[in-house]
Every structure is written in structure tokens, then in C-alpha cells.
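Structure, as C-alpha cells:
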Amino acid sequence: MSIAVGQFNHSVEIMFEDLHRQYWPESALYIVATPIGNLSDISLRALYTLQMVDVIACEDTRSSKSLLNTYGITTTLIAAHQHNEMEASQQIIQRLSQGQRVALISDAGAPAVSDPGGRIVALVKQAGFDVRPIPGPSAVITALMGSGVTDDMQPGFTFAGFIPHKTMARQQWFEQWRHSPLAVLMFESPHRIIDSLEDLCAIYGDNRQVTIARELTKRFEQIVSLPAKALLQWIQEDSNRQRGEFVLIISPEEKSGDNDSQNAYLDELLQVMLAQVSLKDAVKMATKLTGFSKDIVYSRALTLKETI
């Protein structure tokens with residue numbers, strides 16, 4: 001597919017003119033999400049913000065310069081990382097009190113979630129200054145989009161952050177999320193991905209459905225969903241599959257549905273709901289109320305619908 005570059009550039013110019021006319025308050029902290037891999041994923045609004053502000057507070061000036069140089073942005077950088085958040089927040093608050101606009105970015109993705117920045121945001125808000133988020137790339141949402149684990153009927157999930165480094169803490173961590181009724185997302189590094197999958201198998205069993213998403217938005221991106229043991233074997237088969245940053249998605253624990261009383265309760269619930277609401281809404285509500293998998297509830301609802 002060919003792209004009319006001239007027409008595209010003209011459209012970008014028009015959009016930047018529109019951005020210039022928008023409201024950009026002074027004495028405000030702009031929290032800007034940046035690409036998680038592919039630099040082209042940055043939004044025009046993020047680019048405009050980064051060139052408009054007086055200073056950019058960033059996790060690592062070297063990483064940030066690579067992004068900014070790509071787009072010809074020369075805004076002054078200051079350090080704001082895990083080890084100097086208190087000091088950086090005071091410096092930012094001082095600039096805000098002078099009427100300046102400050103942007104906050106991390107090395108990749110959204111600041112103040114699993115990356116540094118949360119303390120800065122809290123202190124800036126406590127000081128009475130405006131905080132404006134500029135949304136963009138997220139490894140969590142990207143992994144979910146490609147996994148098929150969530151949908152409009154069952155959109156819930158839990159983001160648990162980075163898996164602990166040490167064995168005992170890691171095993172306790174997995175046990176903590178073992179019976180979660182929602183999909184649980186975790187971050188892991190390439191150096192510990194094998195250890196984590198081994199512990200996951202030991203605690204969740206070989207058949208727990210797990211999705212692994214690696215190198216998201218990059219050339220060698222892979223999103224694979226398999227039972228835990230099969231996923232461990234898959235990643236061990238090729239050392240290249242052990243490279244990159246990882247998102248693990250642990251699917252909710254499946255309910256067997258074999259118990260007669262549980263089945264009777266589900267049927268009774270669905271019969272009442274199907275008489276009042278649509279099939280889709282009945283399945284959605286029954287899934288949340290019973291803890292059964294959506295597939296089991298949907299299959300049973302279809303059968304009961306024919307008898308009503």
C-alpha cells in the first residue's frame with residue numbers, strides 16, 4: 001500500500017495547528033506516555049506536548065534523548081527516577097510555581113503506573129498544581145489486545161506489576177494470585193522468565209492457561225497462549241524466545257462445573273435472567289456472579305434459551 005507523503009504531511013501540519021489552539025494551562029505537570037518499542041507509536045499530542053513544555057523530567061536522559069532526537073525535540077531534560085523522586089518533585093514544584101509547564105516521561109510506556117513518577121504526581125497534586133495525563137502506549141493494554149483473554153462481556157483484569165526476583169518471594173507472589181477470578185498480568189525480564197514459568201507450573205499446575213507477550217510493537221513480537229507446561233517447553237525450545245521484555249497473562253481459574261448443586265444454581269439463575277434480559281447480558285451477569293467460565297455459562301444459556 002502506497003502512502004501519499006505530501007498529503008500526510010499536510011494533514012499533520014493541520015493537526016499541529018489545531019493542537020496549538022487547544023488549552024495548555026501553565027503551572028501544569030503533563031504526564032506523557034511514550035512508545036514501548038516502536039517509536040512511531042507516539043501520538044501527535046505527545047510530540048506537541050514535549051516540544052511545548054519548558055522542561056521534561058525523565059527516568060533516563062540517555063533513553064529519552066534517543067526518542068526526542070528522532071523527532072527533533074530539543075527541550076531541556078532533568079532527571080526524575082526511582083532514586084531521586086523526592087528531590088525531583090521539589091524541583092518540579094518550584095518550576096510550576098514560576099508558571100512553567102513540565103512534562104514527565106519514563107523510559108517507555110506510561111509513567112506513574114509500574115514506572116517511576118507516582119510520588120511526583122501525588123506531591124504535585126498535594127501542592128495544588130494541575131496534572132494533565134497525555135495517554136498513549138501501554139504494554140498491559142497491548143498484551144491484552146493480542147491475547148483474546150478479555151472481551152466486552154468479561155473485560156476485567158488485574159495488573160500486578162513486576163514479578164519478585166527471589167525464589168521464595170516469587171512463589172508466594174504466584175500463590176497470592178492463584179484463585180483470582182480475573183486475568184492477572186505481570187511483567188518479567190528475560191533473565192528470569194524460565195524460573196518464573198517453572199514456579200508458575202509448580203503452583204498453578206501444568207494446564208493453567210497462560211499467555212506470554214514479548215517484544216511488543218517490535219519486529220520479533222510474539223503473543224502465544226498455551227497451557228503452562230506447554231508454554232514452558234515452547235520457550236525452552238528456542239533461546240531467541242527468551243529475549244526481550246515479557247508480559248505474562250494468567251487466565252482465571254476454570255471452574256469445573258461438575259458439581260450438581262453448582263449446575264442447578266447456574267440453571268436457576270440463567271432462567272430468571274433470560275426471562276428479563278438479553279442472552280448477552282444474562283451470560284455477562286451470570287459469569288460474574290457464579291465464577292464459572294464464560295464458555296460454560298454461554299453454552300448453558302443457549303440450551304436454556306431454547307426451552308423458554
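Ordering of the C-alpha cells sets the chain letters (A, B, ...); residue numbers start at 1 within each chain; ligands are numbered from 1 in the order shown.
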*asked:* Taking 3 positions as the minimum chain separation for residues in the same chain, which residues sit within 8 Å of region 264-270 of chain A when counting only C-alpha atoms? Answer as a ChimeraX atom specification.
replied: /A:260-261,273-274,282-283,286,290,297,300-301,304
| task | For Val102 (chain A), please output as a VMD selection string all residues within 8 Å (counting only C-alpha atoms; exclusion window: fewer than 6 positions along the same chain). | result | chain A and resid 27 to 30 53 to 57 92 95 to 96
Would you output that residue set with N, CA, C and O atoms, as a short mmCIF file (atom, residue, chain, number, x, y, z; two decimals), in the first residue's frame?
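Below you can see again-v9.cif, which holds the result:
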data_model
loop_
_atom_site.label_atom_id
_atom_site.label_comp_id
_atom_site.auth_asym_id
_atom_site.auth_seq_id
_atom_site.Cartn_x
_atom_site.Cartn_y
_atom_site.Cartn_z
N SER A 27 1.76 26.29 34.65
CA SER A 27 1.86 25.72 36.01
C SER A 27 1.19 24.35 36.08
O SER A 27 0.49 24.03 37.05
N ALA A 28 1.43 23.54 35.05
CA ALA A 28 0.82 22.22 34.98
C ALA A 28 1.87 21.17 34.68
O ALA A 28 2.85 21.41 33.96
N LEU A 29 1.66 19.98 35.27
CA LEU A 29 2.53 18.83 35.01
C LEU A 29 1.83 17.93 34.00
O LEU A 29 0.71 17.46 34.24
N TYR A 30 2.48 17.68 32.87
CA TYR A 30 1.92 16.85 31.80
C TYR A 30 2.57 15.46 31.86
O TYR A 30 3.79 15.33 31.68
N VAL A 53 6.51 22.18 26.28
CA VAL A 53 6.78 22.43 27.70
C VAL A 53 8.15 23.10 27.88
O VAL A 53 8.99 23.10 26.98
N ASP A 54 8.35 23.63 29.09
CA ASP A 54 9.62 24.31 29.39
C ASP A 54 10.73 23.32 29.72
O ASP A 54 11.91 23.60 29.50
N VAL A 55 10.34 22.16 30.30
CA VAL A 55 11.34 21.17 30.68
C VAL A 55 10.67 19.79 30.73
O VAL A 55 9.47 19.69 30.98
N ILE A 56 11.48 18.75 30.48
CA ILE A 56 10.98 17.38 30.53
C ILE A 56 11.71 16.64 31.65
O ILE A 56 12.94 16.54 31.65
N ALA A 57 10.97 16.12 32.61
CA ALA A 57 11.53 15.27 33.65
C ALA A 57 11.46 13.83 33.16
O ALA A 57 10.39 13.34 32.79
N ILE A 92 10.43 20.19 40.43
CA ILE A 92 9.29 20.37 39.52
C ILE A 92 8.29 21.35 40.11
O ILE A 92 7.78 22.25 39.41
N ARG A 95 9.41 24.88 39.69
CA ARG A 95 9.20 25.35 38.32
C ARG A 95 7.72 25.67 38.07
O ARG A 95 7.39 26.67 37.42
N LEU A 96 6.85 24.83 38.58
CA LEU A 96 5.42 25.06 38.40
C LEU A 96 4.99 26.35 39.09
O LEU A 96 4.14 27.10 38.58
#
### Query
Which neighbours of Ala160 (chain A) fall inside 9 Å, counting only C-alpha atoms, when residues of the same chain fewer than 5 positions from it are skipped, and could you give them as a ChimeraX atom specification?
/A:177,184-187
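Interatomic distance, CA of Asp107 (chain A) against CA of His191 (chain A): 19.5 Å.
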With DSSP run on the backbone, what are the strand (DSSP E) residues within region 57-282 of chain A? I'd like them as a PyMOL selection string. chain A and resi 57-58+76-79+102-105+130-134+157-162+183-188+209-214+222-227+246-250
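All residues of protein, DNA or RNA that reach within 10 Å of Gln209 (chain A), judged by only C-alpha atoms and not counting those fewer than 6 positions away in the chain, are Val149, Ser225, Leu226, Pro227, Ala228, Lys229, Ala230, Leu231, Ile249, Ile250, Ser251, Pro252, Glu253 and Glu254 of chain A.
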Atoms kept (C-alpha atoms) for selection, written as a compact mmCIF listing (two decimals), in the first residue's frame:
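Here's the written file selection11.txt:
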# COMPACT_ATOMS: atom_id res chain seq x y z
CA VAL A 149 -8.27 -13.27 27.26
CA SER A 225 -1.27 -18.68 24.62
CA LEU A 226 -0.73 -22.24 25.87
CA PRO A 227 -1.19 -24.38 28.98
CA ALA A 228 1.57 -23.52 31.47
CA LYS A 229 3.70 -26.66 30.93
CA ALA A 230 3.44 -26.43 27.13
CA LEU A 231 4.37 -22.75 27.28
CA ILE A 249 -1.21 -13.12 31.43
CA ILE A 250 -2.54 -15.82 33.74
CA SER A 251 -6.10 -16.73 32.78
CA PRO A 252 -8.70 -17.05 35.56
CA GLU A 253 -9.02 -20.36 37.31
CA GLU A 254 -11.51 -22.57 35.46
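Nearest residue to Phe157 (chain A), choosing from A:Asp295, A:Thr75, A:Thr142, A:Ala183 and counting only C-alpha atoms: A:Ala183.
Between Trp234 (chain A) and the residues A:Pro111, A:Leu197, A:Thr150, A:Ser189, the shortest atom-to-atom distance, using only C-alpha atoms, involves A:Leu197.
Reported to one decimal place, the separation of CA of Glu175 (chain A) from CA of Pro190 (chain A) is 21.6 Å.
You will find CA of Tyr204 (chain A) at 23.2 Å from CA of Leu289 (chain A).
Nearest-residue note for Thr74 (chain A): choosing from A:Arg21, A:Ala122, A:Arg241, A:Met52, the minimum distance belongs to A:Met52, counting only C-alpha atoms.
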Item to complete: as an MDAnalysis selection string, please: all residues of region 41-102 of chain A that backbone DSSP puts in helix (DSSP H, G or I).
Response: chainID A and resid 41 44:52 61:70 85:97
Residue subset to file, keeping N, CA, C and O atoms, as a CSV table (one decimal), in the first residue's frame:
chain,number,residue,atom,x,y,z
A,41,ASP,N,4.8,4.8,17.4
A,41,ASP,CA,3.6,4.7,18.2
A,41,ASP,C,3.3,6.0,19.0
A,41,ASP,O,2.2,6.1,19.6
A,44,LEU,N,0.6,12.4,18.1
A,44,LEU,CA,0.9,13.8,17.8
A,44,LEU,C,0.8,14.7,19.0
A,44,LEU,O,1.5,15.7,19.2
A,45,ARG,N,-0.2,14.4,19.8
A,45,ARG,CA,-0.4,15.2,21.0
A,45,ARG,C,0.8,15.1,22.0
A,45,ARG,O,1.2,16.1,22.6
A,46,ALA,N,1.3,13.9,22.1
A,46,ALA,CA,2.5,13.7,22.9
A,46,ALA,C,3.7,14.5,22.4
A,46,ALA,O,4.4,15.2,23.1
A,47,LEU,N,3.9,14.4,21.1
A,47,LEU,CA,5.0,15.2,20.4
A,47,LEU,C,4.8,16.7,20.7
A,47,LEU,O,5.8,17.4,21.0
A,48,TYR,N,3.6,17.2,20.5
A,48,TYR,CA,3.4,18.6,20.7
A,48,TYR,C,3.7,19.0,22.1
A,48,TYR,O,4.3,20.0,22.4
A,49,THR,N,3.3,18.2,23.1
A,49,THR,CA,3.5,18.4,24.5
A,49,THR,C,5.0,18.5,24.8
A,49,THR,O,5.4,19.5,25.5
A,50,LEU,N,5.7,17.6,24.3
A,50,LEU,CA,7.2,17.5,24.6
A,50,LEU,C,7.9,18.7,24.0
A,50,LEU,O,9.0,19.1,24.6
A,51,GLN,N,7.5,19.2,22.9
A,51,GLN,CA,8.2,20.4,22.4
A,51,GLN,C,7.7,21.7,22.9
A,51,GLN,O,8.3,22.7,22.8
A,52,MET,N,6.5,21.7,23.5
A,52,MET,CA,5.8,22.9,24.0
A,52,MET,C,6.2,23.2,25.5
A,52,MET,O,6.3,24.4,25.8
A,61,THR,N,17.9,10.1,31.0
A,61,THR,CA,18.1,11.1,29.9
A,61,THR,C,18.7,10.5,28.7
A,61,THR,O,18.4,11.0,27.6
A,62,ARG,N,19.5,9.5,28.7
A,62,ARG,CA,20.0,8.8,27.5
A,62,ARG,C,18.9,8.2,26.7
A,62,ARG,O,18.9,8.4,25.5
A,63,SER,N,18.0,7.5,27.4
A,63,SER,CA,16.9,6.8,26.6
A,63,SER,C,16.0,7.9,26.0
A,63,SER,O,15.5,7.8,24.9
A,64,SER,N,15.7,8.9,26.8
A,64,SER,CA,14.8,9.9,26.3
A,64,SER,C,15.4,10.7,25.2
A,64,SER,O,14.6,11.1,24.3
A,65,LYS,N,16.7,11.0,25.2
A,65,LYS,CA,17.3,11.7,24.1
A,65,LYS,C,17.2,11.0,22.8
A,65,LYS,O,17.0,11.6,21.7
A,66,SER,N,17.2,9.7,22.8
A,66,SER,CA,17.1,8.9,21.6
A,66,SER,C,15.7,9.1,21.0
A,66,SER,O,15.6,9.3,19.8
A,67,LEU,N,14.7,9.1,21.8
A,67,LEU,CA,13.3,9.4,21.3
A,67,LEU,C,13.2,10.8,20.8
A,67,LEU,O,12.7,11.1,19.7
A,68,LEU,N,13.6,11.8,21.6
A,68,LEU,CA,13.5,13.2,21.3
A,68,LEU,C,14.3,13.6,20.1
A,68,LEU,O,13.8,14.4,19.2
A,69,ASN,N,15.5,13.0,19.9
A,69,ASN,CA,16.3,13.3,18.7
A,69,ASN,C,15.6,12.8,17.4
A,69,ASN,O,15.8,13.4,16.4
A,70,THR,N,14.9,11.7,17.6
A,70,THR,CA,14.2,11.2,16.4
A,70,THR,C,13.2,12.2,15.8
A,70,THR,O,13.0,12.3,14.6
A,85,GLU,N,13.1,10.7,43.4
A,85,GLU,CA,11.7,11.3,43.2
A,85,GLU,C,11.4,12.4,44.1
A,85,GLU,O,10.7,13.4,43.7
A,86,MET,N,11.8,12.4,45.4
A,86,MET,CA,11.5,13.4,46.3
A,86,MET,C,12.2,14.7,45.9
A,86,MET,O,11.6,15.8,45.8
A,87,GLU,N,13.5,14.6,45.5
A,87,GLU,CA,14.3,15.8,45.1
A,87,GLU,C,13.7,16.3,43.8
A,87,GLU,O,13.5,17.5,43.6
A,88,ALA,N,13.4,15.4,42.9
A,88,ALA,CA,12.9,15.9,41.6
A,88,ALA,C,11.5,16.5,41.7
A,88,ALA,O,11.2,17.5,41.0
A,89,SER,N,10.7,16.0,42.6
A,89,SER,CA,9.3,16.6,42.8
A,89,SER,C,9.4,18.0,43.3
A,89,SER,O,8.7,18.9,42.9
A,90,GLN,N,10.4,18.3,44.2
A,90,GLN,CA,10.6,19.7,44.7
A,90,GLN,C,11.0,20.6,43.6
A,90,GLN,O,10.6,21.8,43.5
A,91,GLN,N,11.9,20.1,42.8
A,91,GLN,CA,12.4,20.9,41.6
A,91,GLN,C,11.3,21.2,40.7
A,91,GLN,O,11.1,22.3,40.2
A,92,ILE,N,10.4,20.2,40.4
A,92,ILE,CA,9.3,20.4,39.5
A,92,ILE,C,8.3,21.4,40.1
A,92,ILE,O,7.8,22.3,39.4
A,93,ILE,N,8.0,21.2,41.4
A,93,ILE,CA,7.0,22.1,42.1
A,93,ILE,C,7.5,23.6,42.0
A,93,ILE,O,6.8,24.5,41.8
A,94,GLN,N,8.8,23.7,42.2
A,94,GLN,CA,9.4,25.1,42.1
A,94,GLN,C,9.2,25.7,40.7
A,94,GLN,O,8.8,26.9,40.6
A,95,ARG,N,9.4,24.9,39.7
A,95,ARG,CA,9.2,25.4,38.3
A,95,ARG,C,7.7,25.7,38.1
A,95,ARG,O,7.4,26.7,37.4
A,96,LEU,N,6.8,24.8,38.6
A,96,LEU,CA,5.4,25.1,38.4
A,96,LEU,C,5.0,26.4,39.1
A,96,LEU,O,4.1,27.1,38.6
A,97,SER,N,5.6,26.6,40.3
A,97,SER,CA,5.2,27.9,41.0
A,97,SER,C,5.7,29.1,40.2
A,97,SER,O,5.2,30.2,40.5
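Considering the residues A:Leu104, A:Ile14, A:Ile212, A:Ala80 and counting only C-alpha atoms, Glu59 (chain A) has its shortest atom-to-atom contact with A:Ala80.
Between Pro155 (chain A) and the candidates A:Ile36, A:Lys284, A:Asp238, A:Leu19, the tightest atom-to-atom separation, counting only C-alpha atoms, involves A:Lys284.
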Next item on the list: Please provide the set of residues having any atom within 10 Å of Leu232 (chain A), restricted to only C-alpha atoms, with same-chain residues fewer than 4 positions apart removed, written as an MDAnalysis selection string.
Entry: chainID A and resid 193:198 200:201 206 210 226:228 236:237
